[in-house]
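Asker: If it helps, the file is called structure_33.cif and holds mmCIF, N, CA and C atoms:
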```cif
data_target
loop_
_atom_site.group_PDB
_atom_site.id
_atom_site.type_symbol
_atom_site.label_atom_id
_atom_site.label_comp_id
_atom_site.auth_asym_id
_atom_site.auth_seq_id
_atom_site.Cartn_x
_atom_site.Cartn_y
_atom_site.Cartn_z
ATOM 1 N N MET A 1 -0.501 -12.099 6.939
ATOM 2 C CA MET A 1 -1.507 -12.197 5.903
ATOM 3 C C MET A 1 -1.071 -13.279 4.909
ATOM 4 N N ASP A 2 -2.030 -14.005 4.423
ATOM 5 C CA ASP A 2 -1.800 -15.082 3.479
ATOM 6 C C ASP A 2 -1.169 -14.550 2.188
ATOM 7 N N LYS A 3 -0.169 -15.272 1.671
ATOM 8 C CA LYS A 3 0.527 -14.836 0.451
ATOM 9 C C LYS A 3 -0.428 -14.731 -0.735
ATOM 10 N N LYS A 4 -1.374 -15.633 -0.863
ATOM 11 C CA LYS A 4 -2.329 -15.576 -1.975
ATOM 12 C C LYS A 4 -3.141 -14.282 -1.924
ATOM 13 N N LEU A 5 -3.544 -13.886 -0.730
ATOM 14 C CA LEU A 5 -4.308 -12.648 -0.577
ATOM 15 C C LEU A 5 -3.437 -11.438 -0.893
ATOM 16 N N ARG A 6 -2.201 -11.455 -0.407
ATOM 17 C CA ARG A 6 -1.282 -10.346 -0.704
ATOM 18 C C ARG A 6 -1.072 -10.194 -2.196
ATOM 19 N N ASP A 7 -1.008 -11.309 -2.911
ATOM 20 C CA ASP A 7 -0.754 -11.267 -4.349
ATOM 21 C C ASP A 7 -1.915 -10.679 -5.151
ATOM 22 N N ILE A 8 -3.131 -10.723 -4.612
ATOM 23 C CA ILE A 8 -4.265 -10.207 -5.376
ATOM 24 C C ILE A 8 -4.680 -8.796 -4.965
ATOM 25 N N LEU A 9 -4.105 -8.272 -3.878
ATOM 26 C CA LEU A 9 -4.420 -6.899 -3.483
ATOM 27 C C LEU A 9 -3.930 -5.942 -4.565
ATOM 28 N N ALA A 10 -4.748 -4.959 -4.881
ATOM 29 C CA ALA A 10 -4.381 -3.986 -5.913
ATOM 30 C C ALA A 10 -4.858 -2.601 -5.503
ATOM 31 N N CYS A 11 -4.185 -1.615 -6.026
ATOM 32 C CA CYS A 11 -4.563 -0.222 -5.781
ATOM 33 C C CYS A 11 -5.958 0.025 -6.362
ATOM 34 N N PRO A 12 -6.854 0.606 -5.580
ATOM 35 C CA PRO A 12 -8.193 0.873 -6.098
ATOM 36 C C PRO A 12 -8.223 1.974 -7.155
ATOM 37 N N ASN A 13 -7.144 2.743 -7.270
ATOM 38 C CA ASN A 13 -7.108 3.831 -8.240
ATOM 39 C C ASN A 13 -6.534 3.380 -9.588
ATOM 40 N N CYS A 14 -5.351 2.760 -9.575
ATOM 41 C CA CYS A 14 -4.692 2.378 -10.837
ATOM 42 C C CYS A 14 -4.669 0.869 -11.065
ATOM 43 N N HIS A 15 -5.099 0.113 -10.087
ATOM 44 C CA HIS A 15 -5.123 -1.357 -10.141
ATOM 45 C C HIS A 15 -3.727 -1.964 -10.190
ATOM 46 N N GLY A 16 -2.735 -1.179 -9.822
ATOM 47 C CA GLY A 16 -1.359 -1.668 -9.753
ATOM 48 C C GLY A 16 -1.120 -2.421 -8.452
ATOM 49 N N PRO A 17 0.057 -3.027 -8.322
ATOM 50 C CA PRO A 17 0.371 -3.814 -7.123
ATOM 51 C C PRO A 17 0.548 -2.936 -5.891
ATOM 52 N N LEU A 18 0.265 -3.520 -4.746
ATOM 53 C CA LEU A 18 0.478 -2.851 -3.467
ATOM 54 C C LEU A 18 1.630 -3.539 -2.745
ATOM 55 N N ARG A 19 2.371 -2.746 -1.993
ATOM 56 C CA ARG A 19 3.461 -3.278 -1.169
ATOM 57 C C ARG A 19 3.196 -2.896 0.272
ATOM 58 N N LEU A 20 3.577 -3.776 1.165
ATOM 59 C CA LEU A 20 3.413 -3.493 2.582
ATOM 60 C C LEU A 20 4.436 -2.439 2.992
ATOM 61 N N HIS A 21 3.966 -1.395 3.653
ATOM 62 C CA HIS A 21 4.849 -0.331 4.140
ATOM 63 C C HIS A 21 5.830 -0.947 5.139
ATOM 64 N N PRO A 22 7.065 -0.458 5.203
ATOM 65 C CA PRO A 22 8.048 -1.021 6.138
ATOM 66 C C PRO A 22 7.570 -1.055 7.596
ATOM 67 N N ASN A 23 6.699 -0.128 7.999
ATOM 68 C CA ASN A 23 6.207 -0.160 9.382
ATOM 69 C C ASN A 23 5.024 -1.110 9.542
ATOM 70 N N GLN A 24 4.594 -1.743 8.453
ATOM 71 C CA GLN A 24 3.515 -2.729 8.397
ATOM 72 C C GLN A 24 2.176 -2.180 8.886
ATOM 73 N N ALA A 25 1.985 -0.875 8.779
ATOM 74 C CA ALA A 25 0.726 -0.256 9.186
ATOM 75 C C ALA A 25 -0.092 0.211 7.996
ATOM 76 N N ALA A 26 0.412 -0.066 6.770
ATOM 77 C CA ALA A 26 -0.298 0.402 5.579
ATOM 78 C C ALA A 26 0.166 -0.371 4.357
ATOM 79 N N TRP A 27 -0.701 -0.399 3.341
ATOM 80 C CA TRP A 27 -0.351 -0.891 2.013
ATOM 81 C C TRP A 27 -0.103 0.327 1.145
ATOM 82 N N VAL A 28 0.905 0.239 0.280
ATOM 83 C CA VAL A 28 1.315 1.395 -0.507
ATOM 84 C C VAL A 28 1.328 1.053 -1.994
ATOM 85 N N CYS A 29 0.803 1.979 -2.785
ATOM 86 C CA CYS A 29 0.920 1.923 -4.240
ATOM 87 C C CYS A 29 2.045 2.884 -4.607
ATOM 88 N N ALA A 30 3.179 2.334 -5.036
ATOM 89 C CA ALA A 30 4.330 3.173 -5.370
ATOM 90 C C ALA A 30 4.049 4.028 -6.603
ATOM 91 N N ALA A 31 3.312 3.492 -7.565
ATOM 92 C CA ALA A 31 3.029 4.232 -8.798
ATOM 93 C C ALA A 31 2.212 5.491 -8.524
ATOM 94 N N GLU A 32 1.256 5.403 -7.627
ATOM 95 C CA GLU A 32 0.383 6.529 -7.295
ATOM 96 C C GLU A 32 0.867 7.302 -6.066
ATOM 97 N N ARG A 33 1.866 6.760 -5.358
ATOM 98 C CA ARG A 33 2.373 7.328 -4.102
ATOM 99 C C ARG A 33 1.247 7.486 -3.077
ATOM 100 N N LEU A 34 0.425 6.430 -2.974
ATOM 101 C CA LEU A 34 -0.694 6.441 -2.031
ATOM 102 C C LEU A 34 -0.479 5.374 -0.969
ATOM 103 N N SER A 35 -0.859 5.708 0.238
ATOM 104 C CA SER A 35 -0.774 4.798 1.370
ATOM 105 C C SER A 35 -2.186 4.508 1.859
ATOM 106 N N PHE A 36 -2.498 3.219 2.028
ATOM 107 C CA PHE A 36 -3.810 2.795 2.508
ATOM 108 C C PHE A 36 -3.624 2.147 3.878
ATOM 109 N N PRO A 37 -4.239 2.694 4.924
ATOM 110 C CA PRO A 37 -3.992 2.209 6.275
ATOM 111 C C PRO A 37 -4.542 0.804 6.522
ATOM 112 N N ILE A 38 -3.913 0.134 7.474
ATOM 113 C CA ILE A 38 -4.402 -1.149 7.972
ATOM 114 C C ILE A 38 -4.912 -0.868 9.384
ATOM 115 N N VAL A 39 -6.205 -1.068 9.606
ATOM 116 C CA VAL A 39 -6.822 -0.781 10.903
ATOM 117 C C VAL A 39 -7.375 -2.085 11.477
ATOM 118 N N ASP A 40 -6.903 -2.440 12.656
ATOM 119 C CA ASP A 40 -7.309 -3.684 13.307
ATOM 120 C C ASP A 40 -7.119 -4.887 12.387
ATOM 121 N N GLY A 41 -6.035 -4.878 11.611
ATOM 122 C CA GLY A 41 -5.709 -5.978 10.723
ATOM 123 C C GLY A 41 -6.451 -5.983 9.398
ATOM 124 N N ILE A 42 -7.268 -4.960 9.155
ATOM 125 C CA ILE A 42 -8.063 -4.885 7.927
ATOM 126 C C ILE A 42 -7.558 -3.738 7.066
ATOM 127 N N PRO A 43 -7.121 -4.038 5.819
ATOM 128 C CA PRO A 43 -6.683 -2.949 4.936
ATOM 129 C C PRO A 43 -7.881 -2.123 4.474
ATOM 130 N N HIS A 44 -7.753 -0.816 4.588
ATOM 131 C CA HIS A 44 -8.806 0.107 4.152
ATOM 132 C C HIS A 44 -8.422 0.616 2.763
ATOM 133 N N LEU A 45 -8.870 -0.123 1.743
ATOM 134 C CA LEU A 45 -8.479 0.174 0.361
ATOM 135 C C LEU A 45 -9.520 1.037 -0.337
ATOM 136 N N LEU A 46 -9.840 2.149 0.293
ATOM 137 C CA LEU A 46 -10.772 3.126 -0.264
ATOM 138 C C LEU A 46 -10.005 4.406 -0.534
ATOM 139 N N MET A 47 -10.330 5.066 -1.636
ATOM 140 C CA MET A 47 -9.619 6.289 -1.977
ATOM 141 C C MET A 47 -9.755 7.350 -0.888
ATOM 142 N N GLN A 48 -10.900 7.418 -0.212
ATOM 143 C CA GLN A 48 -11.069 8.412 0.846
ATOM 144 C C GLN A 48 -10.223 8.089 2.086
ATOM 145 N N SER A 49 -9.697 6.856 2.185
ATOM 146 C CA SER A 49 -8.823 6.478 3.292
ATOM 147 C C SER A 49 -7.350 6.680 2.962
ATOM 148 N N ALA A 50 -7.053 6.911 1.699
ATOM 149 C CA ALA A 50 -5.662 7.008 1.247
ATOM 150 C C ALA A 50 -5.023 8.324 1.666
ATOM 151 N N SER A 51 -3.714 8.249 1.838
ATOM 152 C CA SER A 51 -2.932 9.469 2.064
ATOM 153 C C SER A 51 -1.740 9.428 1.115
ATOM 154 N N GLU A 52 -1.312 10.609 0.682
ATOM 155 C CA GLU A 52 -0.214 10.694 -0.276
ATOM 156 C C GLU A 52 1.119 10.606 0.451
ATOM 157 N N LEU A 53 2.056 9.874 -0.145
ATOM 158 C CA LEU A 53 3.398 9.739 0.408
ATOM 159 C C LEU A 53 4.381 10.554 -0.421
ATOM 160 N N PRO A 54 5.384 11.134 0.224
ATOM 161 C CA PRO A 54 6.406 11.835 -0.543
ATOM 162 C C PRO A 54 7.240 10.829 -1.340
ATOM 163 N N GLU A 55 7.670 11.228 -2.522
ATOM 164 C CA GLU A 55 8.416 10.327 -3.405
ATOM 165 C C GLU A 55 9.686 9.806 -2.752
ATOM 166 N N TYR A 56 10.376 10.640 -1.967
ATOM 167 C CA TYR A 56 11.623 10.205 -1.346
ATOM 168 C C TYR A 56 11.410 9.045 -0.388
ATOM 169 N N GLU A 57 10.232 8.960 0.229
ATOM 170 C CA GLU A 57 9.983 7.865 1.162
ATOM 171 C C GLU A 57 9.911 6.531 0.425
ATOM 172 N N ILE A 58 9.286 6.501 -0.726
ATOM 173 C CA ILE A 58 9.154 5.268 -1.504
ATOM 174 C C ILE A 58 10.485 4.920 -2.170
ATOM 175 N N ALA A 59 11.221 5.914 -2.631
ATOM 176 C CA ALA A 59 12.475 5.687 -3.342
ATOM 177 C C ALA A 59 13.514 4.984 -2.488
ATOM 178 N N ASN A 60 13.455 5.121 -1.179
ATOM 179 C CA ASN A 60 14.442 4.534 -0.292
ATOM 180 C C ASN A 60 14.095 3.128 0.171
ATOM 181 N N TRP A 61 12.992 2.585 -0.294
ATOM 182 C CA TRP A 61 12.607 1.232 0.124
ATOM 183 C C TRP A 61 13.428 0.176 -0.565
ATOM 184 N N ASP A 62 13.567 -0.934 0.106
ATOM 185 C CA ASP A 62 14.193 -2.116 -0.483
ATOM 186 C C ASP A 62 13.283 -2.635 -1.585
ATOM 187 N N PRO A 63 13.773 -2.870 -2.792
ATOM 188 C CA PRO A 63 12.900 -3.277 -3.896
ATOM 189 C C PRO A 63 12.276 -4.643 -3.735
ATOM 190 N N ALA A 64 12.700 -5.446 -2.793
ATOM 191 C CA ALA A 64 12.151 -6.803 -2.610
ATOM 192 C C ALA A 64 10.757 -6.789 -2.074
#
```
Represent the structure from my file as structure tokens, please.

Answerer:
Amino acid sequence: MDKKLRDILACPNCHGPLRLHPNQAAWVCAAERLSFPIVDGIPHLLMQSASELPEYEIANWDPA
């Protein structure tokens, strides 16, 4: 995905930044602990598509 596009993606709930999940199958809002799936290369950034992540999963990510 283009860096410019990645830089403008935001959480639909809090408008905070999204990070690519380590498995590259979802975008994650760490502040809200929400995961938004990527289906056929398209991020589904709808609240009804989101799933909650446990805090320990986000805490162990590389901060980069």

Asker: Got a sec to resolve the PyMOL selection byres (((chain A and resi 42-55 and name CA) around 8) and name CA) on this structure and send the residues as a PDB file with N, CA and C atoms, keeping the file's coordinate frame?

Answerer:
```pdb
ATOM      1  N   CYS A  11      -4.185  -1.615  -6.026  1.00  0.00           N
ATOM      2  CA  CYS A  11      -4.563  -0.222  -5.781  1.00  0.00           C
ATOM      3  C   CYS A  11      -5.958   0.025  -6.362  1.00  0.00           C
ATOM      4  N   PRO A  12      -6.854   0.606  -5.580  1.00  0.00           N
ATOM      5  CA  PRO A  12      -8.193   0.873  -6.098  1.00  0.00           C
ATOM      6  C   PRO A  12      -8.223   1.974  -7.155  1.00  0.00           C
ATOM      7  N   ASN A  13      -7.144   2.743  -7.270  1.00  0.00           N
ATOM      8  CA  ASN A  13      -7.108   3.831  -8.240  1.00  0.00           C
ATOM      9  C   ASN A  13      -6.534   3.380  -9.588  1.00  0.00           C
ATOM     10  N   ALA A  26       0.412  -0.066   6.770  1.00  0.00           N
ATOM     11  CA  ALA A  26      -0.298   0.402   5.579  1.00  0.00           C
ATOM     12  C   ALA A  26       0.166  -0.371   4.357  1.00  0.00           C
ATOM     13  N   TRP A  27      -0.701  -0.399   3.341  1.00  0.00           N
ATOM     14  CA  TRP A  27      -0.351  -0.891   2.013  1.00  0.00           C
ATOM     15  C   TRP A  27      -0.103   0.327   1.145  1.00  0.00           C
ATOM     16  N   ARG A  33       1.866   6.760  -5.358  1.00  0.00           N
ATOM     17  CA  ARG A  33       2.373   7.328  -4.102  1.00  0.00           C
ATOM     18  C   ARG A  33       1.247   7.486  -3.077  1.00  0.00           C
ATOM     19  N   LEU A  34       0.425   6.430  -2.974  1.00  0.00           N
ATOM     20  CA  LEU A  34      -0.694   6.441  -2.031  1.00  0.00           C
ATOM     21  C   LEU A  34      -0.479   5.374  -0.969  1.00  0.00           C
ATOM     22  N   SER A  35      -0.859   5.708   0.238  1.00  0.00           N
ATOM     23  CA  SER A  35      -0.774   4.798   1.370  1.00  0.00           C
ATOM     24  C   SER A  35      -2.186   4.508   1.859  1.00  0.00           C
ATOM     25  N   PHE A  36      -2.498   3.219   2.028  1.00  0.00           N
ATOM     26  CA  PHE A  36      -3.810   2.795   2.508  1.00  0.00           C
ATOM     27  C   PHE A  36      -3.624   2.147   3.878  1.00  0.00           C
ATOM     28  N   PRO A  37      -4.239   2.694   4.924  1.00  0.00           N
ATOM     29  CA  PRO A  37      -3.992   2.209   6.275  1.00  0.00           C
ATOM     30  C   PRO A  37      -4.542   0.804   6.522  1.00  0.00           C
ATOM     31  N   ILE A  38      -3.913   0.134   7.474  1.00  0.00           N
ATOM     32  CA  ILE A  38      -4.402  -1.149   7.972  1.00  0.00           C
ATOM     33  C   ILE A  38      -4.912  -0.868   9.384  1.00  0.00           C
ATOM     34  N   VAL A  39      -6.205  -1.068   9.606  1.00  0.00           N
ATOM     35  CA  VAL A  39      -6.822  -0.781  10.903  1.00  0.00           C
ATOM     36  C   VAL A  39      -7.375  -2.085  11.477  1.00  0.00           C
ATOM     37  N   ASP A  40      -6.903  -2.440  12.656  1.00  0.00           N
ATOM     38  CA  ASP A  40      -7.309  -3.684  13.307  1.00  0.00           C
ATOM     39  C   ASP A  40      -7.119  -4.887  12.387  1.00  0.00           C
ATOM     40  N   GLY A  41      -6.035  -4.878  11.611  1.00  0.00           N
ATOM     41  CA  GLY A  41      -5.709  -5.978  10.723  1.00  0.00           C
ATOM     42  C   GLY A  41      -6.451  -5.983   9.398  1.00  0.00           C
ATOM     43  N   TYR A  56      10.376  10.640  -1.967  1.00  0.00           N
ATOM     44  CA  TYR A  56      11.623  10.205  -1.346  1.00  0.00           C
ATOM     45  C   TYR A  56      11.410   9.045  -0.388  1.00  0.00           C
ATOM     46  N   GLU A  57      10.232   8.960   0.229  1.00  0.00           N
ATOM     47  CA  GLU A  57       9.983   7.865   1.162  1.00  0.00           C
ATOM     48  C   GLU A  57       9.911   6.531   0.425  1.00  0.00           C
ATOM     49  N   ILE A  58       9.286   6.501  -0.726  1.00  0.00           N
ATOM     50  CA  ILE A  58       9.154   5.268  -1.504  1.00  0.00           C
ATOM     51  C   ILE A  58      10.485   4.920  -2.170  1.00  0.00           C
ATOM     52  N   ALA A  59      11.221   5.914  -2.631  1.00  0.00           N
ATOM     53  CA  ALA A  59      12.475   5.687  -3.342  1.00  0.00           C
ATOM     54  C   ALA A  59      13.514   4.984  -2.488  1.00  0.00           C
TER      55      ALA A  59
END
```

Asker: Quote the spacing between atom CA of Ala10 of chain A and atom CA of Pro22 of chain A in Å to one decimal place.

Answerer: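 Separation of atom CA of Ala10 of chain A and atom CA of Pro22 of chain A: 17.6 Å.
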
Asker: Pull the alpha helix (DSSP H) assignments for segment 5-53 of chain A out of DSSP run on the backbone, and list those residues as a count of residues only.

Answerer: 4

Asker: Report, in Å to a single decimal, how far apart atom CA of Asp7 of chain A and atom N of Arg19 of chain A are.

Answerer: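 Those two atoms sit 9.4 Å apart.
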
Asker: When you draw a straight line from atom CA of Leu5 of chain A to atom CA of Ala25 of chain A, how long is it in Å?

Answerer: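 That distance, rounded to one decimal, is 16.6 Å.
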
Asker: Out of chain A, which residues get strand (DSSP E) from DSSP, as a PyMOL selection string?

Answerer: chain A and resi 19-20+26-29+34-39+42-43+51-52

Asker: When the PyMOL selection byres (((chain A and resi 31 and name CA) around 9) and name CA) is applied to the file above, which residues end up in the set, as JSON, numbers by chain?

Answerer: {"A": [14, 16, 17, 28, 29, 30, 32, 33, 34]}
